file input.csv (CSV, C-alpha atoms and all ligand atoms)
chain,number,residue,atom,x,y,z
A,1,MET,CA,-26.0,4.9,0.0
A,2,GLU,CA,-27.4,6.2,-3.2
A,3,ASN,CA,-27.0,4.3,-6.4
A,4,ILE,CA,-23.3,4.8,-7.1
A,5,LEU,CA,-23.6,3.4,-10.7
A,6,GLN,CA,-26.1,6.1,-11.7
A,7,GLU,CA,-24.2,8.8,-9.9
A,8,THR,CA,-20.9,7.8,-11.6
A,9,LYS,CA,-22.5,7.7,-15.0
A,10,PHE,CA,-24.1,11.1,-14.4
A,11,ILE,CA,-20.8,12.7,-13.3
A,12,MET,CA,-18.9,11.2,-16.2
A,13,LYS,CA,-21.4,12.5,-18.7
A,14,LYS,CA,-21.7,15.9,-17.1
A,15,TYR,CA,-18.0,16.5,-17.1
A,16,ASN,CA,-17.3,14.5,-20.3
A,17,ILE,CA,-14.9,12.1,-18.6
A,18,LYS,CA,-13.5,9.1,-20.3
A,19,ALA,CA,-11.5,6.8,-18.0
A,20,ASN,CA,-7.8,7.3,-18.6
A,21,LYS,CA,-6.3,3.8,-18.8
A,22,SER,CA,-2.7,5.1,-18.4
A,23,LEU,CA,-3.6,6.7,-15.1
A,24,GLY,CA,-5.1,3.4,-13.9
A,25,GLN,CA,-8.6,4.9,-13.8
A,26,ASN,CA,-11.2,2.2,-12.8
A,27,PHE,CA,-14.0,3.9,-11.0
A,28,LEU,CA,-15.9,2.0,-8.2
A,29,ILE,CA,-19.6,1.5,-8.8
A,30,SER,CA,-20.4,-1.1,-6.1
A,31,GLU,CA,-22.1,0.2,-3.0
A,32,ASP,CA,-21.2,-2.9,-1.1
A,33,VAL,CA,-17.5,-2.5,-1.8
A,34,VAL,CA,-17.4,1.2,-1.0
A,35,LYS,CA,-19.2,0.5,2.3
A,36,LYS,CA,-16.8,-2.3,3.1
A,37,ILE,CA,-13.7,-0.1,2.4
A,38,VAL,CA,-15.1,2.7,4.6
A,39,ASP,CA,-16.2,0.4,7.4
A,40,SER,CA,-13.0,-1.5,7.6
A,41,SER,CA,-10.9,1.7,7.7
A,42,ASN,CA,-12.6,2.4,11.0
A,43,ILE,CA,-12.5,6.2,10.7
A,44,LYS,CA,-13.1,8.5,13.6
A,45,LYS,CA,-13.6,12.2,14.0
A,46,GLU,CA,-10.0,12.7,15.3
A,47,ASP,CA,-8.6,11.1,12.1
A,48,LEU,CA,-6.9,12.6,9.2
A,49,VAL,CA,-7.6,10.4,6.1
A,50,ILE,CA,-5.3,10.7,3.1
A,51,GLU,CA,-7.0,9.4,0.0
A,52,ILE,CA,-4.7,8.6,-2.9
A,53,GLY,CA,-6.4,8.9,-6.3
A,54,PRO,CA,-9.9,10.1,-5.3
A,55,GLY,CA,-11.0,10.2,-9.0
A,56,LEU,CA,-14.7,11.3,-9.2
A,57,GLY,CA,-14.9,11.3,-5.4
A,58,THR,CA,-16.9,8.1,-4.9
A,59,LEU,CA,-15.1,7.1,-1.7
A,60,THR,CA,-14.3,10.7,-0.7
A,61,LYS,CA,-17.9,11.5,-0.1
A,62,TYR,CA,-18.2,8.9,2.6
A,63,LEU,CA,-14.8,9.6,4.1
A,64,LEU,CA,-15.7,13.2,4.5
A,65,GLU,CA,-18.7,12.3,6.6
A,66,GLN,CA,-16.6,10.3,9.1
A,67,ALA,CA,-13.1,11.8,9.3
A,68,GLY,CA,-11.9,15.0,11.0
A,69,LYS,CA,-10.2,15.9,7.7
A,70,VAL,CA,-9.7,14.3,4.3
A,71,ILE,CA,-6.7,15.3,2.1
A,72,CYS,CA,-7.0,13.9,-1.4
A,73,ILE,CA,-4.0,13.5,-3.7
A,74,GLU,CA,-4.9,13.3,-7.3
A,75,LEU,CA,-2.7,13.6,-10.4
A,76,ASP,CA,-5.4,14.0,-13.0
A,77,THR,CA,-6.2,17.8,-13.3
A,78,LYS,CA,-9.6,16.9,-14.9
A,79,MET,CA,-10.8,15.4,-11.6
A,80,LEU,CA,-10.1,18.7,-9.7
A,81,THR,CA,-13.1,20.6,-11.0
A,82,ILE,CA,-15.4,17.7,-10.2
A,83,LEU,CA,-14.0,17.2,-6.7
A,84,GLN,CA,-14.1,21.0,-6.0
A,85,ASP,CA,-17.7,21.2,-7.3
A,86,ARG,CA,-18.8,18.3,-5.2
A,87,PHE,CA,-17.1,19.0,-1.9
A,88,SER,CA,-16.3,22.7,-1.7
A,89,LEU,CA,-19.0,23.0,1.0
A,90,TYR,CA,-17.0,20.7,3.3
A,91,ASP,CA,-14.5,22.6,5.5
A,92,ASN,CA,-12.6,19.4,6.2
A,93,PHE,CA,-11.7,18.8,2.6
A,94,LYS,CA,-8.4,19.5,0.9
A,95,ILE,CA,-7.0,18.5,-2.4
A,96,ILE,CA,-3.4,18.3,-3.7
A,97,ASN,CA,-3.0,18.1,-7.5
A,98,GLU,CA,0.3,16.1,-7.6
A,99,ASP,CA,1.8,12.7,-8.3
A,100,VAL,CA,1.6,10.9,-4.9
A,101,LEU,CA,5.1,9.6,-5.3
A,102,LYS,CA,6.4,13.2,-5.3
A,103,VAL,CA,4.4,14.4,-2.3
A,104,ASP,CA,6.4,15.0,0.9
A,105,LEU,CA,4.0,13.1,3.1
A,106,LYS,CA,6.1,13.4,6.2
A,107,GLN,CA,5.9,17.2,6.1
A,108,LEU,CA,2.2,17.1,5.2
A,109,ILE,CA,1.4,14.9,8.2
A,110,LYS,CA,3.6,17.0,10.5
A,111,GLN,CA,1.8,20.2,9.5
A,112,GLU,CA,-1.6,18.7,10.1
A,113,LYS,CA,-0.6,17.2,13.4
A,114,GLU,CA,0.8,20.6,14.6
A,115,LYS,CA,-2.7,22.1,14.3
A,116,GLY,CA,-3.5,19.9,17.3
A,117,ILE,CA,-6.9,18.5,16.1
A,118,ILE,CA,-5.8,15.4,14.4
A,119,LYS,CA,-4.7,12.3,16.4
A,120,ASN,CA,-4.3,9.5,13.9
A,121,VAL,CA,-3.6,9.3,10.2
A,122,LYS,CA,-5.1,6.7,8.0
A,123,ILE,CA,-4.6,6.0,4.3
A,124,VAL,CA,-7.6,4.9,2.3
A,125,ALA,CA,-7.5,4.4,-1.5
A,126,ASN,CA,-8.6,2.5,-4.5
A,127,LEU,CA,-5.1,2.7,-5.9
A,128,PRO,CA,-4.0,3.1,-9.5
A,129,TYR,CA,-2.7,-0.4,-10.2
A,130,TYR,CA,0.3,0.7,-12.4
A,131,ILE,CA,2.1,2.0,-9.4
A,132,THR,CA,0.7,-0.1,-6.5
A,133,THR,CA,4.1,-1.4,-5.2
A,134,PRO,CA,6.0,2.0,-5.3
A,135,ILE,CA,3.1,3.7,-3.5
A,136,ILE,CA,2.8,1.0,-0.7
A,137,MET,CA,6.6,0.9,-0.3
A,138,LYS,CA,6.8,4.7,-0.1
A,139,LEU,CA,4.1,4.7,2.6
A,140,LEU,CA,5.9,2.0,4.6
A,141,GLU,CA,9.6,2.9,4.1
A,142,GLU,CA,9.2,6.6,4.8
A,143,GLU,CA,8.1,5.5,8.3
A,144,LEU,CA,5.3,8.0,8.3
A,145,GLU,CA,3.2,8.4,11.4
A,146,LEU,CA,0.4,6.3,10.1
A,147,GLU,CA,-2.1,4.0,11.9
A,148,SER,CA,-3.3,2.0,8.9
A,149,ILE,CA,-3.4,1.7,5.2
A,150,THR,CA,-6.6,0.3,3.6
A,151,VAL,CA,-6.3,-0.2,-0.1
A,152,MET,CA,-7.8,-1.8,-3.1
A,153,ILE,CA,-5.1,-3.4,-5.2
A,154,GLN,CA,-4.7,-6.3,-7.7
A,155,LYS,CA,-5.5,-9.6,-6.0
A,156,GLU,CA,-2.2,-11.2,-7.1
A,157,VAL,CA,-0.1,-8.4,-5.5
A,158,ALA,CA,-2.4,-8.3,-2.4
A,159,ASP,CA,-1.9,-12.0,-1.8
A,160,ARG,CA,1.9,-11.6,-1.9
A,161,LEU,CA,2.0,-8.5,0.3
A,162,ILE,CA,-0.1,-10.1,3.1
A,163,ALA,CA,1.5,-13.6,2.9
A,164,THR,CA,3.3,-14.8,6.0
A,165,PRO,CA,7.2,-15.0,5.8
A,166,GLY,CA,8.3,-18.6,5.7
A,167,GLN,CA,5.0,-19.8,4.2
A,168,LYS,CA,3.6,-20.0,0.6
A,169,ASN,CA,3.5,-17.2,-2.0
A,170,THR,CA,6.1,-14.9,-0.6
A,171,GLY,CA,8.6,-12.6,-2.1
A,172,ALA,CA,11.0,-10.0,-0.8
A,173,ILE,CA,8.1,-7.6,-0.5
A,174,THR,CA,6.3,-10.0,1.9
A,175,TYR,CA,9.1,-9.6,4.4
A,176,SER,CA,9.3,-5.8,4.0
A,177,VAL,CA,5.5,-5.4,4.6
A,178,TYR,CA,5.6,-7.8,7.5
A,179,TYR,CA,8.5,-5.8,9.1
A,180,TYR,CA,6.4,-2.6,9.0
A,181,ALA,CA,2.8,-3.9,9.5
A,182,THR,CA,0.4,-6.6,10.3
A,183,SER,CA,-2.1,-7.3,7.6
A,184,GLU,CA,-5.8,-8.1,7.1
A,185,ASP,CA,-7.4,-9.7,4.1
A,186,ILE,CA,-10.6,-7.7,3.8
A,187,LEU,CA,-12.5,-8.5,0.6
A,188,GLU,CA,-12.1,-10.0,-2.9
A,189,VAL,CA,-13.6,-7.7,-5.4
A,190,PRO,CA,-15.0,-8.9,-8.8
A,191,ASN,CA,-14.1,-7.0,-11.9
A,192,ASN,CA,-17.7,-5.8,-12.5
A,193,SER,CA,-17.5,-3.6,-9.4
A,194,PHE,CA,-15.8,-0.9,-11.6
A,195,ILE,CA,-16.2,1.0,-14.8
A,196,PRO,CA,-14.3,0.3,-16.9
A,197,GLU,CA,-13.7,-3.2,-15.7
A,198,PRO,CA,-10.0,-3.9,-14.9
A,199,GLU,CA,-8.4,-6.9,-16.5
A,200,VAL,CA,-7.5,-8.4,-13.1
A,201,THR,CA,-9.4,-9.4,-10.0
A,202,SER,CA,-9.0,-7.0,-7.1
A,203,LYS,CA,-8.7,-7.2,-3.3
A,204,VAL,CA,-9.1,-4.8,-0.4
A,205,ILE,CA,-6.4,-5.3,2.2
A,206,LYS,CA,-5.6,-3.4,5.4
A,207,LEU,CA,-2.1,-2.9,6.8
A,208,ASN,CA,-2.0,-2.0,10.5
A,209,ILE,CA,1.3,-0.2,11.1
A,210,ARG,CA,3.3,-1.8,13.9
A,211,LYS,CA,4.1,0.2,17.0
A,212,ALA,CA,7.4,-1.8,17.4
A,213,PRO,CA,9.2,-3.9,14.8
A,214,PRO,CA,8.9,-7.7,15.1
A,215,VAL,CA,12.7,-8.1,14.8
A,216,ASN,CA,15.6,-5.8,15.8
A,217,PRO,CA,18.5,-6.2,13.4
A,218,LYS,CA,21.7,-4.1,13.9
A,219,SER,CA,20.8,-2.4,10.6
A,220,LYS,CA,17.3,-2.5,9.1
A,221,GLU,CA,18.7,-1.4,5.8
A,222,LYS,CA,21.2,-4.2,5.7
A,223,MET,CA,18.5,-6.8,6.6
A,224,LEU,CA,16.1,-5.5,3.9
A,225,LYS,CA,19.0,-5.5,1.3
A,226,THR,CA,19.9,-9.1,2.2
A,227,ILE,CA,16.2,-10.1,1.7
A,228,LYS,CA,16.0,-8.2,-1.6
A,229,TYR,CA,19.1,-10.0,-3.0
A,230,ALA,CA,18.1,-13.4,-1.6
A,231,PHE,CA,14.9,-13.3,-3.7
A,232,MET,CA,16.5,-11.8,-6.8
A,233,GLN,CA,17.3,-15.1,-8.4
A,234,LYS,CA,14.4,-17.5,-8.5
A,235,ARG,CA,14.8,-21.1,-7.7
A,236,LYS,CA,18.4,-20.6,-6.4
A,237,THR,CA,19.3,-21.5,-2.9
A,238,LEU,CA,19.8,-18.7,-0.4
A,239,LEU,CA,23.5,-19.5,-0.3
A,240,ASN,CA,23.9,-19.2,-4.0
A,241,SER,CA,21.8,-16.0,-4.3
A,242,LEU,CA,23.6,-14.2,-1.6
A,243,THR,CA,27.0,-15.3,-2.8
A,244,ASN,CA,26.3,-14.4,-6.5
A,245,ASN,CA,25.0,-11.0,-5.3
A,246,LYS,CA,28.1,-10.4,-3.2
A,247,ILE,CA,26.2,-10.2,0.1
A,248,PHE,CA,28.4,-13.0,1.3
A,249,ASN,CA,32.1,-12.2,0.5
A,250,SER,CA,32.5,-15.9,-0.5
A,251,LYS,CA,30.6,-19.1,-0.5
A,252,GLU,CA,32.7,-20.2,2.4
A,253,GLN,CA,31.7,-17.2,4.5
A,254,GLY,CA,28.1,-18.0,3.6
A,255,ILE,CA,28.4,-21.6,4.7
A,256,ASN,CA,30.0,-20.5,8.0
A,257,ILE,CA,27.3,-17.9,8.8
A,258,LEU,CA,24.5,-20.3,8.0
A,259,LYS,CA,26.1,-23.1,10.0
A,260,SER,CA,26.6,-20.8,13.0
A,261,LEU,CA,22.8,-20.0,12.9
A,262,ASN,CA,21.8,-23.6,12.5
A,263,ILE,CA,20.4,-22.9,9.0
A,264,ASN,CA,20.7,-25.7,6.4
A,265,GLU,CA,23.0,-24.6,3.6
A,266,ASN,CA,20.5,-25.8,0.9
A,267,VAL,CA,17.7,-23.7,2.2
A,268,ARG,CA,15.7,-21.6,-0.2
A,269,PRO,CA,15.0,-17.9,0.7
A,270,GLU,CA,11.3,-18.4,1.0
A,271,GLU,CA,11.8,-20.9,3.8
A,272,LEU,CA,13.4,-18.4,6.1
A,273,THR,CA,11.7,-16.4,8.8
A,274,LEU,CA,12.3,-12.6,9.1
A,275,GLU,CA,14.1,-13.4,12.4
A,276,GLN,CA,16.5,-15.6,10.5
A,277,PHE,CA,17.2,-12.9,7.9
A,278,SER,CA,17.8,-10.5,10.7
A,279,ARG,CA,20.4,-12.8,12.2
A,280,ILE,CA,22.1,-13.4,8.9
A,281,SER,CA,22.4,-9.7,8.3
A,282,ASP,CA,23.8,-9.1,11.8
A,283,ASN,CA,26.6,-11.6,10.9
A,284,LEU,CA,27.7,-9.9,7.7
B,1,LIG,N1,-11.0,6.6,-6.0
B,1,LIG,C1,-11.7,6.5,-7.3
B,1,LIG,C2,-12.7,5.3,-7.2
B,1,LIG,O1,-12.5,4.5,-6.4
B,1,LIG,O2,-13.6,5.3,-8.1
B,1,LIG,C3,-10.7,6.3,-8.4
B,1,LIG,C4,-9.7,5.2,-8.3
B,1,LIG,S1,-8.8,4.9,-9.7
B,1,LIG,C5,-8.5,3.1,-9.6
B,1,LIG,C6,-7.2,5.5,-9.4
B,1,LIG,C7,-7.1,7.1,-9.3
B,1,LIG,O3,-5.7,7.4,-9.0
B,1,LIG,C8,-7.5,7.8,-10.5
B,1,LIG,O4,-8.3,8.9,-10.2
B,1,LIG,C9,-6.2,8.4,-11.1
B,1,LIG,O5,-6.3,9.6,-11.8
B,1,LIG,C10,-5.4,8.5,-9.8
B,1,LIG,N2,-3.9,8.5,-10.1
B,1,LIG,C11,-3.2,7.9,-11.0
B,1,LIG,N3,-1.9,8.0,-10.8
B,1,LIG,C12,-1.7,8.8,-9.8
B,1,LIG,C13,-0.6,9.4,-9.1
B,1,LIG,N4,0.7,9.1,-9.5
B,1,LIG,N5,-0.8,10.2,-8.0
B,1,LIG,C14,-2.0,10.5,-7.6
B,1,LIG,N6,-3.1,9.9,-8.2
B,1,LIG,C15,-3.0,9.2,-9.3
call {"tool": "encode", "arguments": {"input": "input.csv", "output": "structure tokens", "more": "lines below"}}
Ligand code: SAM
result
Amino acid sequence: MENILQETKFIMKKYNIKANKSLGQNFLISEDVVKKIVDSSNIKKEDLVIEIGPGLGTLTKYLLEQAGKVICIELDTKMLTILQDRFSLYDNFKIINEDVLKVDLKQLIKQEKEKGIIKNVKIVANLPYYITTPIIMKLLEEELELESITVMIQKEVADRLIATPGQKNTGAITYSVYYYATSEDILEVPNNSFIPEPEVTSKVIKLNIRKAPPVNPKSKEKMLKTIKYAFMQKRKTLLNSLTNNKIFNSKEQGINILKSLNINENVRPEELTLEQFSRISDNL
């Protein structure tokens, strides 16, 4: 790999780019980190890679060498000329100038798969941190035909996403992610790996989409809603949270359901496994 710092400075100067804070622009300048992201994504020639927020194209350049096709989704119009100038000679490169949250990814993937060349779809991104959670939840909840999601995000958020339900540092989102994917902790990334430096430490994580869910509730929506409401009020017991939020019709109903499932009525939501949430929602 060439010197990414020099290359980034050169491109920023040439195109008169100043990082736009409100778009979460922190450009990668560490060769080691770029290499680790690309390697851990395990990209093959039959893969379609969707890169969210390519920015100046630092990761894109390496993704294009390895993937069958790379589709970049970038909101900042200023980046478009740069990306087109850099990669117009690649016939496996496509760019969509749009807010990723508004893109119909299901349709996009369907269209690409229908062409018959692409087998698997992988997401790779150094995400804009101001919308980390909505992007990851969109990728998971829309049940896209993805194989994996390799992303750089804030360390604090990363640790919560990849925690194990029933153990430390969990939230409702831990359970959602666990339902859709298994996770890998790839790399902690120091702030000086970017220009400008972000205010928080970062982490690269990989989510491998499950082929089959780990639990089979009667209604997935009901189970995820139960989890969401269970975690809404910090430090409350599960029974109180679910009663206050009207998931249980009454405290008495809650006590009965928990009793029938051998769950202590003083339990806190973070002590429950996904399987237990699944059973509670089945009894509602
Ligand atoms: N991939 C580049 C890198 O690693 O150097 C840039 C990463 S930077 C952290 C995030 C990128 O996401 C920026 O290029 C920013 O313009 C883009 N972005 C911000 N909001 C977006 C959105 N809603 N949809 C698509 N891209 C967005």
call {"tool": "residues_around", "arguments": {"input": "input.csv", "residues": "Glu31 (chain A)", "least_positions_apart": "5", "cutoff": "12 Å", "atoms": "all atoms listed in the file", "output": "count of residues only"}}
result
18
call {"tool": "atom_distance", "arguments": {"input": "input.csv", "atom1": "CA of Ser30 (chain A)", "atom2": "CA of Ile173 (chain A)"}}
result
29.8 Å
call {"tool": "residues_around", "arguments": {"input": "input.csv", "residues": "region 197-209 of chain A", "least_positions_apart": "6", "cutoff": "10 Å", "atoms": "all atoms listed in the file", "output": "ChimeraX atom specification"}}
result
/A:21,24-28,33,36-37,40-41,122-126,129,136,140,143-159,161-162,177-191
call {"tool": "residues_around", "arguments": {"input": "input.csv", "residues": "Ile73 (chain A)", "least_positions_apart": "5", "cutoff": "9 Å", "atoms": "all atoms listed in the file", "output": "PyMOL selection string"}}
result
chain A and resi 50-54+94-100+103
call {"tool": "residues_near_point", "arguments": {"input": "input.csv", "point": "(3.5, 2.9, -11.3)", "cutoff": "12 Å", "atoms": "only C-alpha atoms", "output": "PyMOL selection string"}}
result
chain A and resi 22-24+99-101+127-138
call {"tool": "atom_distance", "arguments": {"input": "input.csv", "atom1": "atom O5 of ligand LIG 1 (chain B)", "atom2": "CA of Pro196 (chain A)"}}
result
13.3 Å
call {"tool": "closest_residue", "arguments": {"input": "input.csv", "among": "A:Val49, A:Pro269, A:Gly55, A:Ile109", "to": "ligand LIG 1 (chain B)", "atoms": "only C-alpha atoms and all ligand atoms"}}
result
A:Gly55
call {"tool": "closest_residue", "arguments": {"input": "input.csv", "among": "A:Cys72, A:Ala212, A:Ile227, A:Ile118", "to": "Leu105 (chain A)", "atoms": "all atoms listed in the file"}}
result
A:Cys72
call {"tool": "atom_distance", "arguments": {"input": "input.csv", "atom1": "CA of Tyr90 (chain A)", "atom2": "CA of Val34 (chain A)"}}
result
20.0 Å
call {"tool": "residues_around", "arguments": {"input": "input.csv", "residues": "Thr81 (chain A)", "least_positions_apart": "6", "cutoff": "12 Å", "atoms": "all atoms listed in the file", "output": "PyMOL selection string"}}
result
chain A and resi 11+14-17+55-57+74+87-88+95+97
call {"tool": "write_last_selection", "arguments": {"input": "input.csv", "atoms": "C-alpha atoms", "output": "mmCIF file, keeping the file's coordinate frame"}}
result
data_model
loop_
_atom_site.group_PDB
_atom_site.id
_atom_site.type_symbol
_atom_site.label_atom_id
_atom_site.label_comp_id
_atom_site.auth_asym_id
_atom_site.auth_seq_id
_atom_site.Cartn_x
_atom_site.Cartn_y
_atom_site.Cartn_z
ATOM 1 C CA ILE A 11 -20.800 12.700 -13.300
ATOM 2 C CA LYS A 14 -21.700 15.900 -17.100
ATOM 3 C CA TYR A 15 -18.000 16.500 -17.100
ATOM 4 C CA ASN A 16 -17.300 14.500 -20.300
ATOM 5 C CA ILE A 17 -14.900 12.100 -18.600
ATOM 6 C CA GLY A 55 -11.000 10.200 -9.000
ATOM 7 C CA LEU A 56 -14.700 11.300 -9.200
ATOM 8 C CA GLY A 57 -14.900 11.300 -5.400
ATOM 9 C CA GLU A 74 -4.900 13.300 -7.300
ATOM 10 C CA PHE A 87 -17.100 19.000 -1.900
ATOM 11 C CA SER A 88 -16.300 22.700 -1.700
ATOM 12 C CA ILE A 95 -7.000 18.500 -2.400
ATOM 13 C CA ASN A 97 -3.000 18.100 -7.500
#
call {"tool": "residues_around", "arguments": {"input": "input.csv", "residues": "Ser241 (chain A)", "least_positions_apart": "2", "cutoff": "8 Å", "atoms": "all atoms listed in the file", "output": "PyMOL selection string"}}
result
chain A and resi 229-233+236-239+243-245
call {"tool": "closest_residue", "arguments": {"input": "input.csv", "among": "A:Ser281, A:Thr170, A:Asn42, A:Thr60", "to": "ligand LIG 1 (chain B)", "atoms": "only C-alpha atoms and all ligand atoms"}}
result
A:Thr60
call {"tool": "closest_residue", "arguments": {"input": "input.csv", "among": "A:Asn283, A:Asn120, A:Gln276, A:Gln167", "to": "Pro214 (chain A)", "atoms": "all atoms listed in the file"}}
result
A:Gln276
call {"tool": "closest_residue", "arguments": {"input": "input.csv", "among": "A:Glu142, A:Glu270, A:Asp282, A:Asp76", "to": "ligand LIG 1 (chain B)", "atoms": "all atoms listed in the file"}}
result
A:Asp76
